[in-house]
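Student: Here it is: the structure, laid out below.
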Amino acid sequence: MSRKILIVEDDASTSAYLAKGLAEAGHAIEACADGRDGLFLASEGIFDLIIADRMLPGLDGLSMVSAIRAAGIATPVLILSALAAVDDRVDGLKAGADDYLCKPFSFAELSAQIEALVRRSDRAATEPQKTKLSVGDLEIDLLARAVSRAGRSIPLGAREFNLLEFLARHAGQVVTRTMMLEKIWNYHFDPGSNVVDVHIGRLRRKLEDGFPTPILHTVRGAGYRLAVEN
């Protein structure tokens, strides 16, 4: 199936190689060589996939991807980079990229990753989005940002709601402090404070005070779990 792909690559030979191969595979290609131009084109929302180099003039690849995500653009992004260390790949994914391919690469590998990203994007577009989450007698209305338990309304602050939603999306699983720091507070390091424990304590009191059974459990040495346990 033909896709519209944006290539953001400042190396002319690499850009031409990508454009030629992808065009031969039946895709419609648009290319630019500057991160600012890439951000402008991506903001049009007309592409099925963005392939971006990490080291770009004007605006580097990671900053461009971060800005794309901050603008609410969900187009899949594949980063190409000669920086191949684990930390480099992690930085790319944290910036909002969907995948990371190290240079030099084979065109077969690139094609396979493109197909996987586009399939994943197609599934996400066709699957109905959940507007409500439930764990036992706990109900979370994501659109109204309202919470109730056993029919009783539970008022939550914005941070508490975000924390509860994250726990509910991982219901029954252990959620670590590191996961919560990264997702809720956008910390990619340990701030050396008990901010998570304080918020968990407040949330637990609101969810459990006046109810016969606990629902937010501490897993010693690991984290927390939102679940109904017998």
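Labeling convention for the structure tokens: chains A, B, ... as they appear, residues from 1 per chain, ligands from 1 in order of appearance.
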Quick one: residues within 7 Å of region 177-192 of chain A, only C-alpha atoms counted, chain neighbours fewer than 6 positions away excluded, as a PDB file with N, CA, C and O atoms, in the first residue's frame?
Tutor:
ATOM      1  N   ASN A 162      -4.259  12.030  36.926  1.00  0.00           N
ATOM      2  CA  ASN A 162      -3.289  11.477  35.975  1.00  0.00           C
ATOM      3  C   ASN A 162      -2.601  10.242  36.549  1.00  0.00           C
ATOM      4  O   ASN A 162      -2.352   9.258  35.842  1.00  0.00           O
ATOM      5  N   LEU A 163      -2.280  10.306  37.830  1.00  0.00           N
ATOM      6  CA  LEU A 163      -1.638   9.180  38.498  1.00  0.00           C
ATOM      7  C   LEU A 163      -2.578   7.973  38.542  1.00  0.00           C
ATOM      8  O   LEU A 163      -2.168   6.838  38.232  1.00  0.00           O
ATOM      9  N   GLY A 223       6.980  -1.215  44.074  1.00  0.00           N
ATOM     10  CA  GLY A 223       6.153  -0.087  43.664  1.00  0.00           C
ATOM     11  C   GLY A 223       4.735  -0.231  44.169  1.00  0.00           C
ATOM     12  O   GLY A 223       4.512  -0.610  45.328  1.00  0.00           O
TER      13      GLY A 223
END
Student: Just asking: which residues within region 4-91 of chain A are strand (DSSP E or B) according to DSSP, as a ChimeraX atom specification?
Tutor: /A:4-8,28-32,49-53,77-81
Student: Could you turn the residues from that selection into a file that holds N, CA and C atoms, as a PDB file, in the first residue's frame?
Tutor:
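Below is the file that was written, part-v6.pdb:
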ATOM      1  N   LYS A   4       2.439   8.110   2.276  1.00  0.00           N
ATOM      2  CA  LYS A   4       3.083   9.414   2.101  1.00  0.00           C
ATOM      3  C   LYS A   4       4.107   9.572   3.214  1.00  0.00           C
ATOM      4  N   ILE A   5       5.378   9.662   2.829  1.00  0.00           N
ATOM      5  CA  ILE A   5       6.477   9.638   3.794  1.00  0.00           C
ATOM      6  C   ILE A   5       7.291  10.926   3.697  1.00  0.00           C
ATOM      7  N   LEU A   6       7.574  11.512   4.837  1.00  0.00           N
ATOM      8  CA  LEU A   6       8.436  12.689   4.923  1.00  0.00           C
ATOM      9  C   LEU A   6       9.827  12.254   5.362  1.00  0.00           C
ATOM     10  N   ILE A   7      10.838  12.640   4.600  1.00  0.00           N
ATOM     11  CA  ILE A   7      12.239  12.373   4.939  1.00  0.00           C
ATOM     12  C   ILE A   7      12.876  13.677   5.370  1.00  0.00           C
ATOM     13  N   VAL A   8      13.435  13.703   6.575  1.00  0.00           N
ATOM     14  CA  VAL A   8      14.148  14.889   7.072  1.00  0.00           C
ATOM     15  C   VAL A   8      15.597  14.471   7.276  1.00  0.00           C
ATOM     16  N   ALA A  28       4.865   7.751  -1.782  1.00  0.00           N
ATOM     17  CA  ALA A  28       4.986   9.155  -2.179  1.00  0.00           C
ATOM     18  C   ALA A  28       5.925   9.841  -1.194  1.00  0.00           C
ATOM     19  N   ILE A  29       6.938  10.493  -1.707  1.00  0.00           N
ATOM     20  CA  ILE A  29       8.010  11.018  -0.861  1.00  0.00           C
ATOM     21  C   ILE A  29       8.086  12.531  -0.925  1.00  0.00           C
ATOM     22  N   GLU A  30       8.301  13.146   0.245  1.00  0.00           N
ATOM     23  CA  GLU A  30       8.669  14.556   0.324  1.00  0.00           C
ATOM     24  C   GLU A  30       9.880  14.641   1.235  1.00  0.00           C
ATOM     25  N   ALA A  31      10.840  15.480   0.879  1.00  0.00           N
ATOM     26  CA  ALA A  31      12.082  15.531   1.647  1.00  0.00           C
ATOM     27  C   ALA A  31      12.480  16.966   1.941  1.00  0.00           C
ATOM     28  N   CYS A  32      13.153  17.141   3.086  1.00  0.00           N
ATOM     29  CA  CYS A  32      13.749  18.432   3.434  1.00  0.00           C
ATOM     30  C   CYS A  32      15.024  18.149   4.221  1.00  0.00           C
ATOM     31  N   LEU A  49       4.129   8.650   7.736  1.00  0.00           N
ATOM     32  CA  LEU A  49       5.369   8.300   8.450  1.00  0.00           C
ATOM     33  C   LEU A  49       6.390   9.404   8.244  1.00  0.00           C
ATOM     34  N   ILE A  50       7.200   9.632   9.275  1.00  0.00           N
ATOM     35  CA  ILE A  50       8.314  10.583   9.186  1.00  0.00           C
ATOM     36  C   ILE A  50       9.607   9.835   9.472  1.00  0.00           C
ATOM     37  N   ILE A  51      10.576   9.970   8.581  1.00  0.00           N
ATOM     38  CA  ILE A  51      11.913   9.414   8.789  1.00  0.00           C
ATOM     39  C   ILE A  51      12.845  10.592   8.995  1.00  0.00           C
ATOM     40  N   ALA A  52      13.511  10.652  10.138  1.00  0.00           N
ATOM     41  CA  ALA A  52      14.309  11.834  10.470  1.00  0.00           C
ATOM     42  C   ALA A  52      15.694  11.460  10.960  1.00  0.00           C
ATOM     43  N   ASP A  53      16.685  12.173  10.459  1.00  0.00           N
ATOM     44  CA  ASP A  53      18.037  12.058  10.986  1.00  0.00           C
ATOM     45  C   ASP A  53      18.061  12.708  12.360  1.00  0.00           C
ATOM     46  N   VAL A  77       7.203   8.185  13.876  1.00  0.00           N
ATOM     47  CA  VAL A  77       8.516   8.746  13.545  1.00  0.00           C
ATOM     48  C   VAL A  77       9.585   7.679  13.729  1.00  0.00           C
ATOM     49  N   LEU A  78      10.402   7.513  12.691  1.00  0.00           N
ATOM     50  CA  LEU A  78      11.562   6.624  12.735  1.00  0.00           C
ATOM     51  C   LEU A  78      12.812   7.477  12.673  1.00  0.00           C
ATOM     52  N   ILE A  79      13.648   7.397  13.693  1.00  0.00           N
ATOM     53  CA  ILE A  79      14.892   8.167  13.715  1.00  0.00           C
ATOM     54  C   ILE A  79      16.018   7.337  13.118  1.00  0.00           C
ATOM     55  N   LEU A  80      16.800   7.965  12.256  1.00  0.00           N
ATOM     56  CA  LEU A  80      18.014   7.372  11.715  1.00  0.00           C
ATOM     57  C   LEU A  80      19.202   8.103  12.315  1.00  0.00           C
ATOM     58  N   SER A  81      20.196   7.361  12.795  1.00  0.00           N
ATOM     59  CA  SER A  81      21.327   8.033  13.418  1.00  0.00           C
ATOM     60  C   SER A  81      22.555   7.140  13.433  1.00  0.00           C
TER      61      SER A  81
END
Student: Pick out the closest residue to Gly58 (chain A) from this set: A:Leu167, A:Ile154, A:Asp209, A:Glu9. Count only C-alpha atoms.
Tutor: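 The shortest atom-to-atom distance to Gly58 (chain A) comes from A:Glu9.
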Student: I need the alpha helix (DSSP H) residues of chain A per DSSP on the backbone, written as a VMD selection string.
Tutor: chain A and resid 12 to 24 35 to 42 61 to 70 86 to 95 107 to 126 158 to 169 177 to 184 195 to 208
